[in-house]
Amino acid sequence: MLGLPQSTEVKRPLPKTQLFKRFDWTASQRERFDAEVSRLDFVNWISPRTVPAIAIGHEVNEIFVVEVSLKSHDFDTKAIVLLAKYIPQRIIYVLRFGGEAMLAAYHGKLFTAPWQSLDAISLTLSGLNLDAVWENIVSTIGQFSVEQDKSLNEQIKIDEDRAKLERQIAALERQMNVTKQPRRKRELFVELQKLKSHV
């Protein structure tokens, strides 16, 4: 699966009932999760034991791949975020519905790739250690690149701040377009120029 080495394959079911017993989820969280997810399976284990060419990282010791069979194409991502928060491992989720799937990874927030045909999905393990492999996987799934001399966390923060700034600029531009008073319009224009200088 995903074009990963055969040595990484584990294929072990992860029963939902076990999750419900193990984690202190509320009744509504269990119901939401059960409504979205039909089945979970550990399918790959990426570590120096299964891929000897990749060294252990400073932060990442192993990466798991979990196949999540969904009950609908339009699923609520909160169910996957809930799962990711309760399992403190580096996990790549293969969210599957019918003959399609999408990759997802949680690193401070959930990153998802577009839906593709199940056969077309692949995952490349690039990097000398598992820290680099994880960084490359998250940035590939999230469709962003990590700038030189920046960590994955720093890059995510930079991208979030940039997106927030762009939303503020768009809101100010809308406000400026509907404002009739010349003085207020000028104030908004000055504020807008300050924000644009930070982009």
# chains A, B, ... in the order shown; residues from 1 in each chain; ligands from 1
call {"tool": "residues_around", "arguments": {"residues": "range 172-181 of chain A", "least_positions_apart": "4", "cutoff": "12 Å", "atoms": "only C-alpha atoms", "output": "VMD selection string"}}
result
chain A and resid 165 to 168 185 to 196
call {"tool": "residues_around", "arguments": {"residues": "Arg90 in chain A", "least_positions_apart": "3", "cutoff": "9 Å", "atoms": "only C-alpha atoms", "output": "PyMOL selection string"}}
result
chain A and resi 60-65+84+87+105-107+134
call {"tool": "select_by_dssp", "arguments": {"residues": "range 14-100 of chain A", "states": "helix (DSSP H, G or I)", "output": "PyMOL selection string"}}
result
chain A and resi 16-22+27-36+78-86
call {"tool": "closest_residue", "arguments": {"among": "A:Arg49, A:Leu19, A:Ala171, A:Ala35", "to": "Tyr86 in chain A", "atoms": "only C-alpha atoms"}}
result
A:Leu19
call {"tool": "residues_around", "arguments": {"residues": "Ile141 in chain A", "least_positions_apart": "2", "cutoff": "7 Å", "atoms": "only C-alpha atoms", "output": "MDAnalysis selection string"}}
result
chainID A and resid 103:104 111:113 137:139 143
call {"tool": "write_last_selection", "arguments": {"atoms": "N, CA and C atoms", "output": "PDB file, in the first residue's frame"}}
result
ATOM      1  N   LEU A 103      -4.869  11.324   1.928  1.00  0.00           N
ATOM      2  CA  LEU A 103      -3.899  11.228   3.018  1.00  0.00           C
ATOM      3  C   LEU A 103      -4.111  12.389   3.974  1.00  0.00           C
ATOM      4  N   ALA A 104      -3.874  12.133   5.259  1.00  0.00           N
ATOM      5  CA  ALA A 104      -3.973  13.174   6.271  1.00  0.00           C
ATOM      6  C   ALA A 104      -2.879  12.948   7.307  1.00  0.00           C
ATOM      7  N   PHE A 111      -3.658  18.274   8.461  1.00  0.00           N
ATOM      8  CA  PHE A 111      -3.360  18.579   7.063  1.00  0.00           C
ATOM      9  C   PHE A 111      -3.933  17.449   6.222  1.00  0.00           C
ATOM     10  N   THR A 112      -4.600  17.797   5.123  1.00  0.00           N
ATOM     11  CA  THR A 112      -5.168  16.763   4.249  1.00  0.00           C
ATOM     12  C   THR A 112      -4.775  17.037   2.803  1.00  0.00           C
ATOM     13  N   ALA A 113      -4.611  15.950   2.065  1.00  0.00           N
ATOM     14  CA  ALA A 113      -4.343  16.034   0.627  1.00  0.00           C
ATOM     15  C   ALA A 113      -5.674  15.872  -0.099  1.00  0.00           C
ATOM     16  N   ILE A 137       6.745  14.412   4.722  1.00  0.00           N
ATOM     17  CA  ILE A 137       5.402  13.853   4.558  1.00  0.00           C
ATOM     18  C   ILE A 137       4.343  14.912   4.868  1.00  0.00           C
ATOM     19  N   VAL A 138       4.495  15.611   6.003  1.00  0.00           N
ATOM     20  CA  VAL A 138       3.505  16.631   6.406  1.00  0.00           C
ATOM     21  C   VAL A 138       3.449  17.756   5.379  1.00  0.00           C
ATOM     22  N   SER A 139       4.619  18.217   4.914  1.00  0.00           N
ATOM     23  CA  SER A 139       4.611  19.325   3.941  1.00  0.00           C
ATOM     24  C   SER A 139       4.051  18.875   2.588  1.00  0.00           C
ATOM     25  N   GLN A 143       0.681  20.385   1.267  1.00  0.00           N
ATOM     26  CA  GLN A 143       0.966  21.139   0.039  1.00  0.00           C
ATOM     27  C   GLN A 143       1.605  22.501   0.327  1.00  0.00           C
TER      28      GLN A 143
END
call {"tool": "atom_distance", "arguments": {"atom1": "CA of Ile92 in chain A", "atom2": "CA of Glu31 in chain A"}}
result
23.2 Å
call {"tool": "residues_around", "arguments": {"residues": "range 53-59 of chain A", "least_positions_apart": "3", "cutoff": "6 Å", "atoms": "only C-alpha atoms", "output": "PDB file with C-alpha atoms, in the first residue's frame"}}
result
ATOM      1  CA  PRO A  48      14.795   1.975  11.506  1.00  0.00           C
ATOM      2  CA  LEU A 128      18.084  10.650   6.239  1.00  0.00           C
ATOM      3  CA  ASN A 129      16.252  10.382   9.565  1.00  0.00           C
ATOM      4  CA  LEU A 130      12.652  10.088  10.715  1.00  0.00           C
ATOM      5  CA  ASP A 131      12.448  13.805  11.657  1.00  0.00           C
TER       6      ASP A 131
END
call {"tool": "closest_residue", "arguments": {"among": "A:His198, A:Lys109, A:Lys78, A:Lys11", "to": "Lys157 in chain A", "atoms": "only C-alpha atoms"}}
result
A:Lys109
call {"tool": "closest_atom_pairs", "arguments": {"of": "range 35-107 of chain A", "to": "range 24-30 of chain A", "cutoff": "12 Å", "atoms": "only C-alpha atoms", "output": "tab-separated table"}}
result
residue	atom	partner	partner_atom	distance
A:Ala35	CA	A:Arg30	CA	8.5
A:Glu36	CA	A:Arg30	CA	10.0
A:Val37	CA	A:Arg30	CA	10.4
A:Asp76	CA	A:Gln29	CA	11.8
A:Lys78	CA	A:Gln29	CA	9.3
A:Ala79	CA	A:Gln29	CA	7.9
A:Ile80	CA	A:Gln29	CA	11.2
A:Val81	CA	A:Gln29	CA	11.3
A:Leu82	CA	A:Gln29	CA	8.2
A:Leu83	CA	A:Trp25	CA	10.1
A:Lys85	CA	A:Trp25	CA	11.5
A:Tyr86	CA	A:Asp24	CA	9.2
call {"tool": "residues_around", "arguments": {"residues": "Ala120 in chain A", "least_positions_apart": "6", "cutoff": "10 Å", "atoms": "only C-alpha atoms", "output": "VMD selection string"}}
result
chain A and resid 2 to 3 100 to 101
call {"tool": "write_last_selection", "arguments": {"atoms": "N, CA and C atoms", "output": "mmCIF file, in the first residue's frame"}}
result
data_model
loop_
_atom_site.group_PDB
_atom_site.id
_atom_site.type_symbol
_atom_site.label_atom_id
_atom_site.label_comp_id
_atom_site.auth_asym_id
_atom_site.auth_seq_id
_atom_site.Cartn_x
_atom_site.Cartn_y
_atom_site.Cartn_z
ATOM 1 N N LEU A 2 0.479 2.266 -0.721
ATOM 2 C CA LEU A 2 1.153 3.561 -0.814
ATOM 3 C C LEU A 2 2.548 3.480 -1.425
ATOM 4 N N GLY A 3 2.918 2.323 -1.940
ATOM 5 C CA GLY A 3 4.251 2.167 -2.512
ATOM 6 C C GLY A 3 5.344 2.093 -1.459
ATOM 7 N N GLU A 100 -11.854 5.582 -3.419
ATOM 8 C CA GLU A 100 -11.050 6.797 -3.285
ATOM 9 C C GLU A 100 -10.455 6.895 -1.891
ATOM 10 N N ALA A 101 -9.387 7.684 -1.794
ATOM 11 C CA ALA A 101 -8.748 7.900 -0.497
ATOM 12 C C ALA A 101 -8.043 9.247 -0.497
#
call {"tool": "closest_residue", "arguments": {"among": "A:Phe42, A:Phe20, A:Phe144, A:Phe33", "to": "Val94 in chain A", "atoms": "only C-alpha atoms"}}
result
A:Phe42
call {"tool": "select_by_dssp", "arguments": {"residues": "range 42-145 of chain A", "states": "strand (DSSP E or B)", "output": "ChimeraX atom specification"}}
result
/A:42-46,55,63-70,90-97,100-106,110-112,116-117,129
call {"tool": "atom_distance", "arguments": {"atom1": "CA of Arg39 in chain A", "atom2": "CA of Val68 in chain A"}}
result
6.0 Å
call {"tool": "residues_around", "arguments": {"residues": "Val146 in chain A", "least_positions_apart": "4", "cutoff": "9 Å", "atoms": "only C-alpha atoms", "output": "number ranges by chain"}}
result
A: 135-136, 139, 150-152, 154-156
